[in-house]
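Chemist: Sharing protein_26.txt below, compact mmCIF, C-alpha atoms:
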# COMPACT_ATOMS: atom_id res chain seq x y z
CA MET A 46 0.00 0.00 0.00
CA LEU A 47 1.40 3.37 -1.06
CA ASN A 48 0.40 5.85 1.63
CA PHE A 49 -0.02 9.51 0.68
CA TYR A 50 -2.24 10.27 3.69
CA PRO A 51 -1.02 13.44 5.46
CA GLY A 52 -0.80 11.83 8.88
CA PRO A 53 -0.37 9.31 10.18
CA SER A 54 1.65 8.90 7.03
CA LYS A 55 4.31 6.56 5.75
CA VAL A 56 7.09 5.68 8.17
CA TYR A 57 10.64 5.27 6.94
CA PRO A 58 11.10 1.66 5.77
CA GLU A 59 14.25 1.40 7.92
CA VAL A 60 12.01 1.58 10.99
CA ARG A 61 11.36 -2.15 10.60
CA ASN A 62 15.03 -2.89 11.25
CA TYR A 63 15.26 -0.29 13.99
CA LEU A 64 12.45 -2.08 15.84
CA VAL A 65 14.44 -5.30 15.89
CA ASP A 66 17.49 -3.41 17.14
CA ALA A 67 15.39 -1.77 19.87
CA TYR A 68 14.25 -5.17 21.06
CA ASP A 69 17.78 -6.60 21.00
CA GLU A 70 19.16 -3.56 22.88
CA GLY A 71 16.49 -3.79 25.59
CA ILE A 72 15.07 -0.36 24.76
CA MET A 73 11.46 -1.50 25.01
CA SER A 74 11.78 -2.29 28.72
CA THR A 75 14.51 0.08 29.83
CA PRO A 76 13.74 2.17 32.97
CA HIS A 77 13.05 5.78 32.04
CA ARG A 78 15.07 6.92 35.08
CA GLY A 79 18.02 4.70 34.19
CA ASP A 80 21.35 5.46 32.53
CA GLN A 81 20.39 3.90 29.18
CA PHE A 82 17.40 6.19 28.75
CA VAL A 83 19.25 9.29 29.94
CA GLN A 84 22.00 8.66 27.40
CA LEU A 85 19.41 8.10 24.67
CA SER A 86 17.63 11.34 25.58
CA ARG A 87 20.89 13.32 25.71
CA ASP A 88 22.01 12.01 22.31
CA LEU A 89 18.61 12.66 20.77
CA VAL A 90 18.43 16.27 21.98
CA GLY A 91 21.80 16.94 20.36
CA LEU A 92 20.72 15.31 17.11
CA ILE A 93 17.50 17.31 16.96
CA ARG A 94 19.41 20.57 17.40
CA ARG A 95 21.93 19.74 14.67
CA ARG A 96 19.66 18.07 12.12
CA LEU A 97 16.74 20.53 12.40
CA ASN A 98 18.82 23.70 12.82
CA ILE A 99 17.37 24.62 16.22
CA PRO A 100 19.11 27.48 18.10
CA GLN A 101 21.55 26.22 20.70
CA ASP A 102 19.89 28.05 23.58
CA TYR A 103 16.43 26.62 22.84
CA HIS A 104 15.23 23.87 25.16
CA ILE A 105 13.99 20.58 23.67
CA PHE A 106 11.08 18.72 25.26
CA PHE A 107 9.14 15.56 24.45
CA THR A 108 5.36 15.22 24.75
CA SER A 109 2.74 12.77 23.53
CA SER A 110 1.29 14.91 20.74
CA ALA A 111 0.94 18.40 19.30
CA THR A 112 -2.50 18.55 20.90
CA GLU A 113 -0.87 18.08 24.30
CA CYS A 114 1.45 20.95 23.45
CA TRP A 115 -1.62 23.17 22.93
CA GLU A 116 -2.63 22.41 26.50
CA ILE A 117 0.84 22.81 28.01
CA LEU A 118 1.35 26.22 26.44
CA ILE A 119 -2.00 27.66 27.49
CA GLN A 120 -1.94 26.33 31.04
CA SER A 121 1.73 27.15 31.72
CA LEU A 122 2.33 30.41 29.82
CA THR A 123 -0.92 32.33 30.22
CA LYS A 124 -3.04 33.54 33.10
CA ASN A 125 -5.56 35.55 31.12
CA LYS A 126 -5.56 35.02 27.36
CA SER A 127 -3.86 33.93 24.18
CA SER A 128 -4.48 35.24 20.65
CA HIS A 129 -4.86 32.82 17.73
CA ILE A 130 -4.37 33.61 14.05
CA TYR A 131 -5.76 30.91 11.76
CA ASN A 132 -7.15 30.06 8.34
CA GLY A 133 -7.97 26.38 8.78
CA SER A 134 -9.36 23.69 11.03
CA PHE A 135 -6.32 22.92 13.17
CA GLY A 136 -5.53 26.54 13.94
CA GLU A 137 -9.18 27.08 14.84
CA LYS A 138 -9.23 23.95 17.02
CA TRP A 139 -6.25 25.28 18.95
CA PHE A 140 -8.17 28.52 19.51
CA GLN A 141 -11.32 26.71 20.66
CA TYR A 142 -9.29 24.54 23.00
CA ALA A 143 -7.57 27.60 24.46
CA LYS A 144 -10.95 29.21 25.15
CA LYS A 145 -11.91 26.26 27.35
CA LEU A 146 -8.88 26.99 29.55
CA ARG A 147 -8.78 30.77 29.15
CA PRO A 148 -12.24 32.06 28.12
CA ASN A 149 -10.84 35.50 27.26
CA SER A 150 -8.69 34.11 24.47
CA GLU A 151 -9.18 35.78 21.09
CA GLY A 152 -9.18 34.56 17.50
CA PHE A 153 -8.35 36.25 14.19
CA ALA A 154 -9.38 34.33 11.05
CA PHE A 155 -8.02 35.05 7.59
CA ASP A 156 -8.67 33.72 4.09
CA LEU A 157 -6.85 30.60 2.91
CA ASN A 158 -5.77 32.33 -0.31
CA SER A 159 -4.23 35.30 1.47
CA PRO A 160 -0.91 35.60 3.27
CA MET A 161 -1.29 36.12 6.99
CA PRO A 162 -2.32 39.82 7.20
CA VAL A 163 0.17 40.64 9.94
CA HIS A 164 -0.45 44.39 9.93
CA GLU A 165 -4.23 43.87 10.26
CA VAL A 166 -4.03 41.42 13.14
CA GLN A 167 -5.57 42.87 16.29
CA VAL A 168 -3.85 41.61 19.44
CA SER A 169 -5.01 42.96 22.80
CA PRO A 170 -2.32 44.57 24.99
CA ASP A 171 -2.91 41.95 27.68
CA THR A 172 -2.31 39.02 25.32
CA GLU A 173 0.34 36.73 26.75
CA LEU A 174 0.82 34.32 23.85
CA ILE A 175 0.31 34.60 20.07
CA CYS A 176 -0.43 31.26 18.38
CA PHE A 177 -0.62 30.13 14.76
CA THR A 178 -0.17 27.04 12.60
CA GLN A 179 2.75 27.32 10.18
CA ASN A 180 1.49 24.61 7.85
CA GLU A 181 -2.28 24.07 7.93
CA THR A 182 -2.81 20.38 7.21
CA SER A 183 -6.55 20.77 6.70
CA ASN A 184 -6.34 22.96 3.60
CA GLY A 185 -2.75 22.81 2.32
CA THR A 186 -1.63 26.35 3.18
CA GLN A 187 1.50 27.74 4.79
CA VAL A 188 2.53 30.86 6.67
CA THR A 189 5.58 32.10 4.79
CA PRO A 190 8.92 32.95 6.42
CA THR A 191 8.33 36.62 5.52
CA CYS A 192 5.04 36.67 7.43
CA ILE A 193 6.65 35.00 10.42
CA LEU A 194 9.43 37.58 10.38
CA ASN A 195 6.91 40.43 10.17
CA LEU A 196 4.92 38.96 13.05
CA HIS A 197 8.11 38.63 15.09
CA ASN A 198 9.06 42.25 14.39
CA ARG A 199 5.61 43.63 15.20
CA PHE A 200 5.09 41.75 18.47
CA ARG A 201 8.60 41.49 19.88
CA ASP A 202 7.44 41.69 23.49
CA THR A 203 4.89 38.87 23.19
CA LEU A 204 5.69 35.16 23.15
CA ILE A 205 4.91 33.50 19.80
CA ALA A 206 4.04 29.80 19.53
CA VAL A 207 3.97 27.86 16.27
CA ASP A 208 2.31 24.53 15.51
CA ALA A 209 4.64 23.07 12.88
CA THR A 210 3.20 19.56 12.83
CA SER A 211 3.19 19.20 9.04
CA SER A 212 6.50 20.95 8.42
CA MET A 213 9.02 20.29 11.21
CA ALA A 214 11.66 17.80 9.95
CA GLY A 215 10.57 18.61 6.40
CA LEU A 216 11.24 22.34 6.02
CA ASN A 217 14.15 24.47 7.17
CA LEU A 218 12.18 26.61 9.62
CA LYS A 219 13.77 29.80 10.95
CA MET A 220 13.06 28.99 14.57
CA ILE A 221 14.80 32.04 15.98
CA LYS A 222 11.78 34.08 14.75
CA ALA A 223 9.38 32.52 17.28
CA ASP A 224 9.61 31.33 20.86
CA ILE A 225 7.94 27.93 20.69
CA TRP A 226 7.83 25.37 17.88
CA PHE A 227 6.27 21.94 18.16
CA ALA A 228 5.20 19.00 16.04
CA SER A 229 3.89 15.48 16.25
CA VAL A 230 6.14 12.92 14.56
CA GLN A 231 3.67 11.02 12.32
CA LYS A 232 4.21 13.36 9.39
CA CYS A 233 7.59 14.73 8.24
CA PHE A 234 9.53 12.79 10.88
CA GLY A 235 8.38 9.55 9.23
CA LEU A 236 7.65 7.85 12.56
CA PRO A 237 4.65 6.17 14.21
CA ALA A 238 2.22 8.44 16.07
CA GLY A 239 2.41 8.93 19.84
CA LEU A 240 5.26 11.43 20.26
CA ALA A 241 5.86 15.14 19.77
CA VAL A 242 8.87 17.46 19.93
CA MET A 243 8.73 20.98 21.36
CA ALA A 244 11.51 23.60 21.17
CA CYS A 245 11.29 26.61 23.52
CA SER A 246 13.31 29.82 23.73
CA PRO A 247 14.96 30.99 26.97
CA ARG A 248 12.33 33.67 27.50
CA THR A 249 9.64 30.98 27.27
CA ILE A 250 11.22 29.24 30.24
CA PHE A 251 11.53 32.58 32.04
CA ARG A 252 7.79 33.16 31.61
CA ALA A 253 6.95 29.62 32.73
CA LYS A 254 9.04 30.04 35.88
CA LYS A 255 7.42 33.41 36.60
CA ILE A 256 3.90 31.97 36.37
CA ALA A 257 5.11 28.83 38.21
CA GLU A 258 2.11 26.71 37.24
CA ARG A 259 2.57 23.19 38.65
CA ALA A 260 -0.97 21.82 38.77
CA HIS A 261 -0.46 19.26 35.99
CA TYR A 262 1.95 16.44 35.25
CA ASN A 263 2.84 18.20 32.02
CA SER A 264 3.34 21.68 33.47
CA MET A 265 6.19 23.36 31.62
CA VAL A 266 8.24 24.16 34.72
CA SER A 267 8.18 20.49 35.71
CA ILE A 268 9.06 19.39 32.19
CA TYR A 269 11.94 21.86 32.10
CA GLU A 270 13.31 20.74 35.48
CA LYS A 271 13.22 17.07 34.53
CA MET A 272 14.91 17.70 31.17
CA LEU A 273 17.85 19.35 32.92
CA ASN A 274 18.77 15.71 33.61
CA TYR A 275 17.42 14.48 30.25
CA GLN A 276 14.41 12.87 31.88
CA THR A 277 10.65 13.32 31.54
CA THR A 278 7.85 13.98 34.02
CA HIS A 279 6.13 10.72 33.02
CA THR A 280 6.94 7.36 31.48
CA PRO A 281 7.65 8.46 27.89
CA ASN A 282 7.32 6.73 24.55
CA VAL A 283 10.85 5.34 24.83
CA LEU A 284 10.54 3.21 21.71
CA ASN A 285 9.57 6.14 19.51
CA LEU A 286 12.37 8.25 20.98
CA TYR A 287 14.80 5.51 20.02
CA LEU A 288 13.31 5.33 16.53
CA MET A 289 13.65 9.10 16.17
CA LYS A 290 17.29 8.91 17.11
CA ARG A 291 17.96 6.23 14.51
CA VAL A 292 16.00 8.06 11.82
CA LEU A 293 17.79 11.37 12.43
CA GLU A 294 21.18 9.67 12.40
CA ASP A 295 20.46 8.34 8.91
CA ARG A 296 18.92 11.50 7.43
CA PRO A 297 20.69 14.53 5.91
CA PHE A 298 20.54 17.98 7.47
CA ILE A 299 17.25 19.84 7.17
CA LYS A 300 18.50 22.26 4.51
CA THR A 301 18.98 19.34 2.11
CA ILE A 302 15.57 17.83 2.91
CA ASP A 303 13.90 21.23 2.45
CA GLY A 304 15.41 21.60 -1.00
CA GLU A 305 14.24 18.16 -2.06
CA LEU A 306 10.69 18.67 -0.79
CA THR A 307 10.42 22.14 -2.33
CA ALA A 308 11.44 20.84 -5.76
CA ARG A 309 9.05 17.90 -5.52
CA ALA A 310 6.17 20.13 -4.41
CA GLN A 311 6.67 22.34 -7.46
CA ASP A 312 6.65 19.27 -9.69
CA LEU A 313 3.47 17.88 -8.11
CA TYR A 314 1.60 21.17 -8.31
CA ALA A 315 2.54 21.49 -11.99
CA PHE A 316 1.41 17.91 -12.63
CA PHE A 317 -2.04 18.33 -11.11
CA ALA A 318 -2.56 21.70 -12.79
CA GLN A 319 -3.04 19.90 -16.12
CA PHE A 320 -6.38 18.34 -15.15
CA THR A 321 -9.55 20.33 -15.77
CA ASP A 322 -11.91 18.75 -13.24
CA ILE A 323 -9.32 18.74 -10.42
CA THR A 324 -8.31 22.16 -9.16
CA LEU A 325 -5.86 23.30 -6.54
CA LEU A 326 -7.81 24.36 -3.45
CA VAL A 327 -5.23 27.08 -2.77
CA GLU A 328 -5.13 29.38 -5.78
CA ASN A 329 -2.43 31.70 -4.43
CA GLU A 330 0.90 30.02 -5.14
CA GLU A 331 2.63 32.08 -2.44
CA VAL A 332 0.68 30.47 0.38
CA ARG A 333 0.52 26.89 -0.88
CA SER A 334 1.99 24.31 1.45
CA LYS A 335 5.13 22.51 0.33
CA THR A 336 4.28 19.42 2.36
CA VAL A 337 0.50 18.95 1.98
CA LEU A 338 -1.31 19.35 -1.34
CA ALA A 339 -5.08 19.98 -1.20
CA LEU A 340 -6.92 19.15 -4.44
CA GLN A 341 -10.54 19.99 -5.11
CA GLY A 342 -13.23 18.39 -7.27
CA SER A 343 -16.85 17.38 -7.23
CA GLU A 344 -17.92 15.17 -4.34
CA LYS A 345 -18.59 12.33 -6.78
CA LEU A 346 -15.17 12.63 -8.42
CA VAL A 347 -13.29 12.85 -5.11
CA ASP A 348 -15.08 9.78 -3.78
CA GLU A 349 -14.41 7.84 -6.98
CA LEU A 350 -10.71 8.79 -7.05
CA LYS A 351 -10.16 7.67 -3.47
CA LYS A 352 -11.94 4.36 -4.03
CA ARG A 353 -10.13 3.69 -7.30
CA ALA A 354 -6.79 4.52 -5.69
CA LEU A 355 -7.45 2.04 -2.87
CA SER A 356 -8.15 -0.66 -5.42
CA HIS A 357 -4.64 0.05 -6.75
CA ASP A 358 -3.09 -0.20 -3.26
CA MET A 359 -2.79 3.54 -2.96
CA ARG A 360 -4.21 5.68 -0.14
CA LEU A 361 -5.08 9.31 -0.80
CA GLY A 362 -5.80 11.62 2.11
CA ASN A 363 -9.40 12.55 2.88
CA GLY A 364 -10.47 16.16 2.91
CA TYR A 365 -10.82 17.81 6.31
CA GLY A 366 -13.22 20.17 8.03
CA PRO A 367 -15.21 22.39 5.62
CA TRP A 368 -13.40 20.73 2.71
CA ALA A 369 -14.07 17.13 3.85
CA ARG A 370 -16.28 16.06 0.95
CA ASN A 371 -14.92 17.96 -2.04
CA THR A 372 -11.15 17.70 -1.53
CA PHE A 373 -8.48 15.09 -1.12
CA ARG A 374 -4.97 15.66 0.19
CA ILE A 375 -1.57 14.32 -0.77
CA ALA A 376 1.37 14.35 1.61
CA ASN A 377 4.78 15.44 0.37
CA PHE A 378 6.81 14.05 3.26
CA PRO A 379 10.47 12.95 3.29
CA ALA A 380 9.78 9.25 3.92
CA ILE A 381 7.81 8.93 0.66
CA LEU A 382 10.09 8.07 -2.25
CA ASP A 383 10.22 9.81 -5.62
CA GLU A 384 9.31 6.57 -7.38
CA GLU A 385 6.14 6.35 -5.29
CA TYR A 386 5.07 9.75 -6.61
CA GLU A 387 5.81 8.56 -10.14
CA GLU A 388 3.42 5.67 -9.46
CA LEU A 389 0.86 8.18 -8.23
CA LYS A 390 1.22 10.17 -11.44
CA ARG A 391 0.77 7.04 -13.54
CA PHE A 392 -2.44 6.29 -11.65
CA PHE A 393 -3.91 9.70 -12.45
CA LEU A 394 -2.77 9.63 -16.07
CA HIS A 395 -4.35 6.20 -16.48
CA TYR A 396 -7.54 7.35 -14.77
CA TYR A 397 -7.91 10.23 -17.26
CA ALA A 398 -6.71 8.30 -20.31
What would you get if you wrote out this structure as structure tokens?
Modeler:
Amino acid sequence: MLNFYPGPSKVYPEVRNYLVDAYDEGIMSTPHRGDQFVQLSRDLVGLIRRRLNIPQDYHIFFTSSATECWEILIQSLTKNKSSHIYNGSFGEKWFQYAKKLRPNSEGFAFDLNSPMPVHEVQVSPDTELICFTQNETSNGTQVTPTCILNLHNRFRDTLIAVDATSSMAGLNLKMIKADIWFASVQKCFGLPAGLAVMACSPRTIFRAKKIAERAHYNSMVSIYEKMLNYQTTHTPNVLNLYLMKRVLEDRPFIKTIDGELTARAQDLYAFFAQFTDITLLVENEEVRSKTVLALQGSEKLVDELKKRALSHDMRLGNGYGPWARNTFRIANFPAILDEEYEELKRFFLHYYA
């Protein structure tokens, strides 16, 4: 089965061998307070910094998912409100979740075909955290590096948090331009679900210590204190941490991966542009995602394409949210091989022959 679903997506084929190694090395039953785990955690933190180009003074944490990161950030970094800028389902979900914890939180929605309108964004003076999704998996859009820079320059005194679930480990993100970046690993990391990585600036930790929220097992101050010794507040997903270490050891630096994905995204967009009854959901090329393609058609056509693809051992991604019935999505993640996309192209060419 060729898997183009945008998460959980294809895992690197080498993971099969890594699993055997993990069993042989006793990783699956190693104590998470023991020396073997601490060494694994220390090595992995160093690898993440080097491979993903994360600033040296940023702190690396491990959680169960990006959704858990939403909770950690709101409960540990705000007392009153956060502000959320979004154009799709996951950014809006983050906002709605924040409102359950901090009812005063505010949202600013913008059109999927427009760049983030940084100069129009209204952020209250008492906002403690600005949140947005860099790569919106639901509709195949991205917030460009220029917009992130402009946001950073306009709100220098406010912490900025970025959900990078569909882009971290795939794109060369300029992390110095925001305070918090996080992602689940079932997309560009090419790993099984059940783990997330979060990188936090020094001033994020300063804020967390100032608020000193400790009412939860995943409170940021507690996470920070445990990671000083490369440990976690809870029994972590040790197996997936081991798999991440092995994957990162065998992958090139993020600049190389970014170049490969960017070139492949351009090729895929050009390929699908030739069909008349399939259109690109995102018309504005500037804001199209490089890692998730959203393609639009009639409900009948979309349903038929997905069924026909499955009969050819090929899984296309369902649409999501408001676009659930009239779109399908295709992941452009590092673990998926070029020859698999060539097979995908042959399927579509045959379908329209």
Chemist: Which residues are close to Ile221 (chain A), i.e. within 9 Å by all atoms listed in the file, leaving aside same-chain residues fewer than 5 positions away? Reply as a VMD selection string.
Modeler: chain A and resid 99 to 100 103 246
Chemist: Just the residues within 12 Å of Leu346 (chain A), please, counting all atoms listed in the file, with nothing from its chain fewer than 2 positions along; format it as a ChimeraX atom specification.
Modeler: /A:322-324,340-344,348-354,370-373,396-397
Chemist: Leaving out region 170-183 of chain A and any residue of its chain fewer than 2 positions from it, which residues lie within 7 Å of it when counting only C-alpha atoms, given as number ranges by chain?
Modeler: A: 123, 126-131, 133-136, 168, 185-188, 203-209, 211-212, 334, 337, 365-366
Chemist: Can you list, as JSON, numbers by chain, every protein, DNA or RNA residue that comes within 12 Å of Pro247 (chain A) when you count all atoms listed in the file, leaving out same-chain residues fewer than 3 positions away?
Modeler: {"A": [100, 101, 102, 103, 104, 105, 204, 221, 223, 224, 225, 244, 250, 251, 252, 253, 254, 269]}
Chemist: Taking C-alpha atoms for each residue, export the selection above as a tab-separated table (two decimals), keeping the file's coordinate frame.
Modeler:
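The result, stored in again-v3.tsv:
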chain	number	residue	atom	x	y	z
A	100	PRO	CA	19.11	27.48	18.10
A	101	GLN	CA	21.55	26.22	20.70
A	102	ASP	CA	19.89	28.05	23.58
A	103	TYR	CA	16.43	26.62	22.84
A	104	HIS	CA	15.23	23.87	25.16
A	105	ILE	CA	13.99	20.58	23.67
A	204	LEU	CA	5.69	35.16	23.15
A	221	ILE	CA	14.80	32.04	15.98
A	223	ALA	CA	9.38	32.52	17.28
A	224	ASP	CA	9.61	31.33	20.86
A	225	ILE	CA	7.94	27.93	20.69
A	244	ALA	CA	11.51	23.60	21.17
A	250	ILE	CA	11.22	29.24	30.24
A	251	PHE	CA	11.53	32.58	32.04
A	252	ARG	CA	7.79	33.16	31.61
A	253	ALA	CA	6.95	29.62	32.73
A	254	LYS	CA	9.04	30.04	35.88
A	269	TYR	CA	11.94	21.86	32.10
Chemist: Quick one: residues within 10 Å of (-1.2, 11.3, 5.7) (file frame), counting all atoms listed in the file, please, as a VMD selection string.
Modeler: chain A and resid 48 to 55 182 211 231 to 233 337 360 to 363 374 to 378
Chemist: Please tell me which residues are no farther than 8 Å from (6.8, 13.8, 12.5) in the file, counting all atoms listed in the file, and write them as an MDAnalysis selection string.
Modeler: chainID A and resid 210:211 213:214 228:236 238 241
Chemist: Just want the 10 Å neighbourhood of Ser86 (chain A), counted on all atoms listed in the file, with same-chain residues fewer than 2 positions away dropped. Output as an mmCIF file with C-alpha atoms, in the coordinates of the input.
Modeler:
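Printed below is part.cif as written:
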data_model
loop_
_atom_site.group_PDB
_atom_site.id
_atom_site.type_symbol
_atom_site.label_atom_id
_atom_site.label_comp_id
_atom_site.auth_asym_id
_atom_site.auth_seq_id
_atom_site.Cartn_x
_atom_site.Cartn_y
_atom_site.Cartn_z
ATOM 1 C CA HIS A 77 13.050 5.780 32.040
ATOM 2 C CA ASP A 80 21.350 5.460 32.530
ATOM 3 C CA GLN A 81 20.390 3.900 29.180
ATOM 4 C CA PHE A 82 17.400 6.190 28.750
ATOM 5 C CA VAL A 83 19.250 9.290 29.940
ATOM 6 C CA GLN A 84 22.000 8.660 27.400
ATOM 7 C CA ASP A 88 22.010 12.010 22.310
ATOM 8 C CA LEU A 89 18.610 12.660 20.770
ATOM 9 C CA VAL A 90 18.430 16.270 21.980
ATOM 10 C CA GLY A 91 21.800 16.940 20.360
ATOM 11 C CA LEU A 92 20.720 15.310 17.110
ATOM 12 C CA PHE A 106 11.080 18.720 25.260
ATOM 13 C CA PHE A 107 9.140 15.560 24.450
ATOM 14 C CA MET A 272 14.910 17.700 31.170
ATOM 15 C CA ASN A 274 18.770 15.710 33.610
ATOM 16 C CA TYR A 275 17.420 14.480 30.250
ATOM 17 C CA GLN A 276 14.410 12.870 31.880
ATOM 18 C CA THR A 277 10.650 13.320 31.540
ATOM 19 C CA VAL A 283 10.850 5.340 24.830
ATOM 20 C CA LEU A 286 12.370 8.250 20.980
ATOM 21 C CA TYR A 287 14.800 5.510 20.020
ATOM 22 C CA LYS A 290 17.290 8.910 17.110
#
Chemist: Report, in Å with one decimal, the straight-line distance from CA of Leu326 (chain A) to CA of Tyr314 (chain A).
Modeler: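 One can read the CA of Leu326 (chain A) to CA of Tyr314 (chain A) distance as 11.1 Å.
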